[in-house]
>>> print(open('protein.json').read())   # JSON, C-alpha atoms
[["chain", "number", "residue", "atom", "x", "y", "z"],
["T", 5, "MET", "CA", 21.64, 14.29, 26.64],
["T", 6, "GLU", "CA", 21.57, 17.58, 24.68],
["T", 7, "GLU", "CA", 24.65, 16.52, 22.71],
["T", 8, "GLN", "CA", 22.97, 13.24, 21.75],
["T", 9, "THR", "CA", 19.89, 15.12, 20.61],
["T", 10, "ALA", "CA", 22.07, 17.47, 18.55],
["T", 11, "GLN", "CA", 23.83, 14.52, 16.95],
["T", 12, "LYS", "CA", 20.56, 12.84, 16.00],
["T", 13, "ARG", "CA", 19.22, 16.13, 14.67],
["T", 14, "TRP", "CA", 22.33, 16.57, 12.55],
["T", 15, "GLU", "CA", 22.03, 13.03, 11.17],
["T", 16, "ARG", "CA", 18.36, 13.53, 10.35],
["T", 17, "HIS", "CA", 18.92, 16.84, 8.56],
["T", 18, "THR", "CA", 21.98, 15.72, 6.58],
["T", 19, "GLN", "CA", 20.73, 12.32, 5.45],
["T", 20, "ARG", "CA", 19.01, 13.44, 2.26],
["T", 21, "PRO", "CA", 21.71, 15.93, 1.18],
["T", 22, "LEU", "CA", 24.36, 13.26, 1.61],
["T", 23, "LEU", "CA", 22.34, 10.78, -0.43],
["T", 24, "ALA", "CA", 22.01, 13.42, -3.15],
["T", 25, "LEU", "CA", 25.78, 13.92, -3.05],
["T", 26, "ALA", "CA", 26.22, 10.17, -3.38],
["T", 27, "VAL", "CA", 24.14, 10.26, -6.57],
["T", 28, "ALA", "CA", 26.34, 13.08, -7.86],
["T", 29, "PHE", "CA", 29.38, 10.95, -7.04],
["T", 30, "ALA", "CA", 27.89, 8.04, -9.00],
["T", 31, "VAL", "CA", 27.41, 10.23, -12.07],
["T", 32, "ALA", "CA", 30.88, 11.74, -11.78],
["T", 33, "TYR", "CA", 32.43, 8.31, -11.38],
["T", 34, "ALA", "CA", 30.55, 6.81, -14.33],
["T", 35, "VAL", "CA", 31.01, 9.53, -16.93],
["T", 36, "PRO", "CA", 34.78, 9.12, -17.59],
["T", 37, "ILE", "CA", 34.40, 5.33, -17.71],
["T", 38, "VAL", "CA", 31.35, 5.12, -19.95],
["T", 39, "ARG", "CA", 32.66, 7.90, -22.18],
["T", 40, "SER", "CA", 36.29, 6.97, -22.55],
["T", 41, "SER", "CA", 36.72, 9.76, -25.11],
["T", 42, "ALA", "CA", 35.73, 12.46, -22.61],
["T", 43, "SER", "CA", 37.89, 15.57, -22.69],
["T", 44, "PRO", "CA", 40.51, 16.16, -19.98],
["T", 45, "SER", "CA", 38.46, 19.05, -18.60],
["T", 46, "VAL", "CA", 35.41, 16.78, -18.13],
["T", 47, "THR", "CA", 37.56, 14.13, -16.49],
["T", 48, "ALA", "CA", 39.11, 16.69, -14.16],
["T", 49, "TRP", "CA", 35.68, 18.10, -13.30],
["T", 50, "CYS", "CA", 34.38, 14.61, -12.46],
["T", 51, "ALA", "CA", 37.41, 13.93, -10.28],
["T", 52, "GLY", "CA", 36.78, 17.21, -8.47],
["T", 53, "VAL", "CA", 33.17, 16.21, -7.80],
["T", 54, "GLU", "CA", 34.35, 12.89, -6.37],
["T", 55, "TRP", "CA", 36.70, 14.64, -3.97],
["T", 56, "VAL", "CA", 34.02, 17.16, -2.96],
["T", 57, "VAL", "CA", 31.63, 14.33, -2.12],
["T", 58, "TRP", "CA", 34.30, 12.54, -0.12],
["T", 59, "ALA", "CA", 35.08, 15.79, 1.72],
["T", 60, "ALA", "CA", 31.38, 16.20, 2.55],
["T", 61, "PHE", "CA", 31.24, 12.73, 4.08],
["T", 62, "ALA", "CA", 34.46, 13.39, 5.97],
["T", 63, "THR", "CA", 32.98, 16.62, 7.34],
["T", 64, "ASP", "CA", 29.84, 14.75, 8.32],
["T", 65, "TYR", "CA", 31.92, 12.21, 10.25],
["T", 66, "LEU", "CA", 33.83, 14.95, 12.06],
["T", 67, "MET", "CA", 30.61, 16.76, 12.96],
["T", 68, "ARG", "CA", 29.01, 13.61, 14.35],
["T", 69, "LEU", "CA", 32.19, 12.96, 16.30],
["T", 70, "ALA", "CA", 32.10, 16.49, 17.73],
["T", 71, "LEU", "CA", 28.43, 16.15, 18.71],
["T", 72, "ALA", "CA", 28.84, 12.71, 20.28],
["T", 73, "GLU", "CA", 28.60, 12.57, 24.05],
["T", 74, "ARG", "CA", 31.28, 9.86, 24.31],
["T", 75, "ARG", "CA", 33.68, 10.38, 21.46],
["T", 76, "ARG", "CA", 35.83, 7.34, 22.21],
["T", 77, "ASP", "CA", 32.77, 5.09, 22.11],
["T", 78, "PHE", "CA", 31.66, 6.81, 18.90],
["T", 79, "VAL", "CA", 35.00, 6.06, 17.22],
["T", 80, "ARG", "CA", 34.85, 2.44, 18.37],
["T", 81, "GLY", "CA", 31.29, 2.01, 17.18],
["T", 82, "HIS", "CA", 31.86, 3.73, 13.83],
["T", 83, "TRP", "CA", 35.31, 2.48, 12.86],
["T", 84, "PRO", "CA", 34.21, 1.59, 9.27],
["T", 85, "ASP", "CA", 33.30, 5.26, 8.82],
["T", 86, "LEU", "CA", 36.76, 6.28, 9.99],
["T", 87, "CYS", "CA", 38.45, 3.81, 7.63],
["T", 88, "ALA", "CA", 36.32, 5.07, 4.75],
["T", 89, "VAL", "CA", 37.36, 8.64, 5.48],
["T", 90, "VAL", "CA", 41.07, 7.84, 5.86],
["T", 91, "LEU", "CA", 41.47, 5.45, 2.88],
["T", 92, "PRO", "CA", 41.50, 8.04, 0.06],
["T", 93, "VAL", "CA", 44.01, 10.18, 1.96],
["T", 94, "LEU", "CA", 46.46, 7.29, 2.20],
["T", 95, "GLN", "CA", 46.22, 6.47, -1.50],
["T", 96, "PRO", "CA", 44.24, 8.83, -3.75],
["T", 97, "LEU", "CA", 42.88, 6.23, -6.15],
["T", 98, "ARG", "CA", 39.44, 6.59, -7.71],
["T", 99, "LEU", "CA", 38.58, 3.03, -6.70],
["T", 100, "LEU", "CA", 39.32, 3.79, -3.05],
["T", 101, "ARG", "CA", 37.11, 6.87, -3.24],
["T", 102, "LEU", "CA", 34.41, 4.58, -4.64],
["T", 103, "VAL", "CA", 34.77, 2.10, -1.79],
["T", 104, "SER", "CA", 34.82, 4.89, 0.78],
["T", 105, "THR", "CA", 31.67, 6.53, -0.55],
["T", 106, "LEU", "CA", 29.80, 3.21, -0.70],
["T", 107, "LEU", "CA", 30.76, 2.46, 2.90],
["T", 108, "LEU", "CA", 29.71, 5.87, 4.16],
["T", 109, "VAL", "CA", 26.41, 5.89, 2.27],
["T", 110, "GLY", "CA", 25.64, 2.43, 3.59],
["T", 111, "ARG", "CA", 26.38, 3.43, 7.17],
["T", 112, "ARG", "CA", 24.17, 6.52, 6.97],
["T", 113, "ALA", "CA", 21.37, 4.60, 5.23],
["T", 114, "ARG", "CA", 21.29, 2.01, 8.01],
["T", 115, "MET", "CA", 20.79, 4.81, 10.54],
["T", 116, "ALA", "CA", 17.50, 5.78, 8.91],
["T", 117, "PRO", "CA", 14.64, 3.85, 10.53],
["T", 118, "GLN", "CA", 12.29, 4.53, 7.62],
["T", 119, "ILE", "CA", 14.50, 2.57, 5.21],
["T", 120, "ARG", "CA", 13.34, -1.00, 5.41],
["T", 121, "LEU", "CA", 15.50, -4.06, 4.88],
["T", 122, "THR", "CA", 14.03, -4.86, 1.48],
["T", 123, "THR", "CA", 14.83, -1.38, 0.17],
["T", 124, "TYR", "CA", 18.34, -1.59, 1.57],
["T", 125, "VAL", "CA", 19.00, -4.99, -0.02],
["T", 126, "VAL", "CA", 17.62, -3.93, -3.41],
["T", 127, "GLY", "CA", 19.63, -0.72, -3.29],
["T", 128, "SER", "CA", 22.76, -2.65, -2.34],
["T", 129, "VAL", "CA", 22.31, -5.06, -5.24],
["T", 130, "ILE", "CA", 21.79, -2.26, -7.76],
["T", 131, "GLY", "CA", 24.69, -0.25, -6.36],
["T", 132, "LEU", "CA", 27.08, -3.19, -6.35],
["T", 133, "LEU", "CA", 26.13, -4.18, -9.89],
["T", 134, "MET", "CA", 26.55, -0.65, -11.18],
["T", 135, "PHE", "CA", 29.77, 0.26, -9.39],
["T", 136, "GLY", "CA", 31.23, -3.22, -9.83],
["T", 137, "SER", "CA", 30.65, -3.00, -13.57],
["T", 138, "LEU", "CA", 32.17, 0.46, -13.82],
["T", 139, "ALA", "CA", 35.13, -0.43, -11.63],
["T", 140, "VAL", "CA", 36.05, -3.62, -13.49],
["T", 141, "LEU", "CA", 35.57, -1.88, -16.86],
["T", 142, "SER", "CA", 37.90, 0.93, -15.83],
["T", 143, "VAL", "CA", 40.74, -1.45, -14.94],
["T", 144, "GLU", "CA", 40.18, -4.17, -17.57],
["T", 145, "ARG", "CA", 39.43, -2.12, -20.68],
["T", 146, "GLU", "CA", 43.08, -1.39, -21.40],
["T", 147, "SER", "CA", 44.44, -4.77, -20.29],
["T", 148, "PRO", "CA", 46.17, -6.59, -23.20],
["T", 149, "GLN", "CA", 44.79, -9.98, -22.14],
["T", 150, "GLY", "CA", 41.45, -8.61, -20.93],
["T", 151, "ASN", "CA", 38.12, -9.60, -22.45],
["T", 152, "ILE", "CA", 35.89, -7.06, -20.66],
["T", 153, "ARG", "CA", 35.86, -4.25, -23.21],
["T", 154, "THR", "CA", 32.33, -2.83, -23.12],
["T", 155, "LEU", "CA", 29.85, -1.79, -20.45],
["T", 156, "GLY", "CA", 27.57, -4.66, -21.47],
["T", 157, "ASP", "CA", 30.37, -7.16, -20.87],
["T", 158, "ALA", "CA", 31.08, -5.58, -17.48],
["T", 159, "VAL", "CA", 27.44, -5.68, -16.38],
["T", 160, "TRP", "CA", 27.09, -9.32, -17.46],
["T", 161, "TRP", "CA", 30.29, -10.22, -15.63],
["T", 162, "SER", "CA", 29.18, -8.40, -12.47],
["T", 163, "PHE", "CA", 25.81, -10.15, -12.48],
["T", 164, "THR", "CA", 27.29, -13.63, -12.90],
["T", 165, "THR", "CA", 29.97, -12.88, -10.31],
["T", 166, "MET", "CA", 27.56, -11.57, -7.66],
["T", 167, "THR", "CA", 25.33, -14.61, -8.09],
["T", 168, "THR", "CA", 28.46, -16.84, -7.95],
["T", 169, "VAL", "CA", 27.47, -18.47, -11.25],
["T", 170, "GLY", "CA", 30.70, -17.61, -13.02],
["T", 171, "TYR", "CA", 30.22, -18.79, -16.61],
["T", 172, "GLY", "CA", 33.83, -17.93, -17.40],
["T", 173, "ASP", "CA", 33.10, -16.20, -20.71],
["T", 174, "HIS", "CA", 34.36, -12.96, -19.14],
["T", 175, "ALA", "CA", 36.94, -12.77, -16.39],
["T", 176, "PRO", "CA", 39.33, -10.13, -15.02],
["T", 177, "THR", "CA", 43.01, -10.55, -15.81],
["T", 178, "THR", "CA", 44.55, -7.78, -13.70],
["T", 179, "GLY", "CA", 45.26, -7.97, -10.00],
["T", 180, "LEU", "CA", 42.95, -5.06, -9.20],
["T", 181, "GLY", "CA", 40.20, -6.58, -11.33],
["T", 182, "ARG", "CA", 40.45, -9.84, -9.43],
["T", 183, "MET", "CA", 40.25, -7.96, -6.14],
["T", 184, "ILE", "CA", 37.03, -6.38, -7.39],
["T", 185, "ALA", "CA", 35.78, -9.85, -8.30],
["T", 186, "VAL", "CA", 36.49, -11.14, -4.80],
["T", 187, "GLY", "CA", 34.63, -8.20, -3.30],
["T", 188, "LEU", "CA", 31.63, -8.79, -5.55],
["T", 189, "MET", "CA", 31.53, -12.50, -4.76],
["T", 190, "LEU", "CA", 31.69, -11.91, -1.01],
["T", 191, "SER", "CA", 29.06, -9.18, -1.26],
["T", 192, "GLY", "CA", 26.78, -11.43, -3.29],
["T", 193, "ILE", "CA", 27.10, -14.25, -0.79],
["T", 194, "ALA", "CA", 26.44, -11.85, 2.10],
["T", 195, "LEU", "CA", 23.34, -10.37, 0.45],
["T", 196, "LEU", "CA", 22.05, -13.82, -0.42],
["T", 197, "GLY", "CA", 22.54, -14.84, 3.20],
["T", 198, "VAL", "CA", 20.64, -11.78, 4.43],
["T", 199, "VAL", "CA", 17.73, -12.46, 2.05],
["T", 200, "THR", "CA", 17.62, -16.17, 2.91],
["T", 201, "ALA", "CA", 17.77, -15.51, 6.65],
["T", 202, "ASN", "CA", 14.95, -12.97, 6.49],
["T", 203, "ILE", "CA", 12.76, -15.23, 4.36],
["T", 204, "ALA", "CA", 13.32, -18.04, 6.86],
["T", 205, "ALA", "CA", 12.56, -15.68, 9.75],
["T", 206, "TRP", "CA", 9.34, -14.60, 8.01],
["T", 207, "PHE", "CA", 8.21, -18.20, 7.57],
["T", 208, "ILE", "CA", 9.08, -19.04, 11.17],
["T", 209, "SER", "CA", 7.14, -16.02, 12.44],
["T", 210, "ARG", "CA", 4.17, -16.99, 10.30],
["T", 211, "PHE", "CA", 4.28, -20.56, 11.58],
["T", 212, "GLU", "CA", 4.55, -19.35, 15.16],
["T", 213, "LYS", "CA", 1.62, -17.01, 14.62],
["T", 214, "ASP", "CA", -0.42, -19.85, 13.14],
["T", 215, "ASP", "CA", 0.55, -22.09, 16.06],
["T", 216, "VAL", "CA", -0.53, -19.46, 18.57],
["T", 217, "GLU", "CA", -3.87, -19.01, 16.79],
["T", 218, "GLU", "CA", -4.35, -22.77, 16.60],
["T", 219, "ARG", "CA", -3.59, -23.17, 20.30],
["T", 220, "ARG", "CA", -6.00, -20.37, 21.11],
["T", 221, "GLN", "CA", -8.75, -22.01, 19.09],
["T", 222, "THR", "CA", -8.01, -25.40, 20.65],
["T", 223, "GLU", "CA", -8.19, -23.93, 24.14],
["T", 224, "ALA", "CA", -11.48, -22.21, 23.26],
["T", 225, "ILE", "CA", -12.92, -25.47, 21.92],
["T", 226, "THR", "CA", -11.74, -27.35, 25.01],
["T", 227, "ALA", "CA", -13.32, -24.76, 27.30],
["T", 228, "LEU", "CA", -16.58, -24.88, 25.33],
["T", 229, "THR", "CA", -16.60, -28.68, 25.44],
["T", 230, "GLU", "CA", -16.13, -28.57, 29.19],
["T", 231, "GLU", "CA", -18.97, -26.08, 29.56],
["T", 232, "VAL", "CA", -21.24, -28.29, 27.44],
["T", 233, "ARG", "CA", -20.32, -31.33, 29.55],
["T", 234, "LEU", "CA", -21.09, -29.44, 32.76],
["T", 235, "LEU", "CA", -24.35, -28.20, 31.27],
["T", 236, "ARG", "CA", -25.35, -31.72, 30.34],
["T", 237, "THR", "CA", -24.53, -32.93, 33.84],
["T", 238, "GLU", "CA", -26.61, -30.14, 35.35],
["T", 239, "VAL", "CA", -29.53, -30.90, 33.02],
["T", 240, "ALA", "CA", -29.36, -34.60, 33.89],
["T", 241, "ARG", "CA", -29.29, -33.79, 37.60],
["T", 242, "LEU", "CA", -32.29, -31.48, 37.33],
["T", 243, "THR", "CA", -34.17, -34.04, 35.24],
["T", 244, "SER", "CA", -33.47, -36.77, 37.80],
["T", 245, "ARG", "CA", -34.64, -34.54, 40.66],
["T", 246, "GLU", "CA", -37.85, -33.70, 38.78],
["T", 247, "GLU", "CA", -38.57, -37.38, 38.21],
["T", 248, "GLN", "CA", -38.02, -38.15, 41.89],
["T", 249, "ARG", "CA", -40.58, -35.49, 42.85],
["T", 250, "ARG", "CA", -43.11, -37.09, 40.62]]
>>> encode(input="protein.json", output="structure tokens")
Amino acid sequence: MEEQTAQKRWERHTQRPLLALAVAFAVAYAVPIVRSSASPSVTAWCAGVEWVVWAAFATDYLMRLALAERRRDFVRGHWPDLCAVVLPVLQPLRLLRLVSTLLLVGRRARMAPQIRLTTYVVGSVIGLLMFGSLAVLSVERESPQGNIRTLGDAVWWSFTTMTTVGYGDHAPTTGLGRMIAVGLMLSGIALLGVVTANIAAWFISRFEKDDVEERRQTEAITALTEEVRLLRTEVARLTSREEQRR
């Protein structure tokens, strides 16, 4: 029980610092892509920040594992976290560090009870649009057949891809770019499903609440009608008895 309390305390205290590190990662990831003419020292510094952020999340995972009461159950229940930590080690690509950080931030954000579903969905949409645009721009900008050359083109492509509209005016031509497109499409469909399901659940709960209130009012009216009927019967009986006395 003490180990579980220590784990929860660790998660509560490290949530905000890790989110701040995730913001630092976003800046470090975006700078070399948005400013393609950045100096090698700036690019190296940004790459170092990315690795530091990944190392912080990896340390966080190891600490939570150490504080868990049942470590085997923890690994089974948090296998996406483990995959996100291991991926960059297997292949040190910037895109894999991006995917890993997004996964780990999402897992930690879902642990926070104060973060409501609406905030999570909006944050997911903004994050996917931003990182999807940067990722596809980084791999398509230098492609000979590519037509995504600017950040504006990348943002427009990400928006149409996430909403599954797909106008076709911009499209990835590289294999990695198409993998990013598949991920964005699946993420957009998943987020749309979450929003639709929660809107439907809200309407159903409202209808159920209205039905309960309507039934309560109907029962109250029925009970009042019965009381009035009994009162009328009693009044008629008393009136009849009074007439018989006369």
>>> atom_distance(input="protein.json", atom1="atom CA of T:Gln19", atom2="atom CA of T:Ala34")
22.8 Å
>>> atom_distance(input="protein.json", atom1="atom CA of T:Leu133", atom2="atom CA of T:Ser162")
5.8 Å
>>> atom_distance(input="protein.json", atom1="atom CA of T:Val31", atom2="atom CA of T:Val53")
9.3 Å
>>> closest_residue(input="protein.json", among="T:Ala240, T:Leu86, T:Ser45, T:Thr167", to="T:Ser191", atoms="all atoms listed in the file")
T:Thr167
>>> closest_residue(input="protein.json", among="T:Val35, T:Ala10, T:Ala28, T:Val198", to="T:Ala70", atoms="only C-alpha atoms")
T:Ala10
>>> residues_around(input="protein.json", residues="stretch 153-155 of chain T", least_positions_apart="4", cutoff="7 Å", atoms="only C-alpha atoms", output="VMD selection string")
chain T and resid 141 145 159
>>> closest_residue(input="protein.json", among="T:Val79, T:Ile193, T:Val125, T:Ala175", to="T:Val140", atoms="only C-alpha atoms")
T:Ala175
>>> closest_residue(input="protein.json", among="T:Leu69, T:Leu22, T:Ile208, T:Ser244", to="T:Gly81", atoms="only C-alpha atoms")
T:Leu69
>>> closest_residue(input="protein.json", among="T:Ala185, T:Gly170, T:Gln149, T:Asp64", to="T:Gln11", atoms="all atoms listed in the file")
T:Asp64
>>> closest_residue(input="protein.json", among="T:Thr63, T:Ser43, T:Thr222, T:Ser147", to="T:Val89", atoms="all atoms listed in the file")
T:Thr63
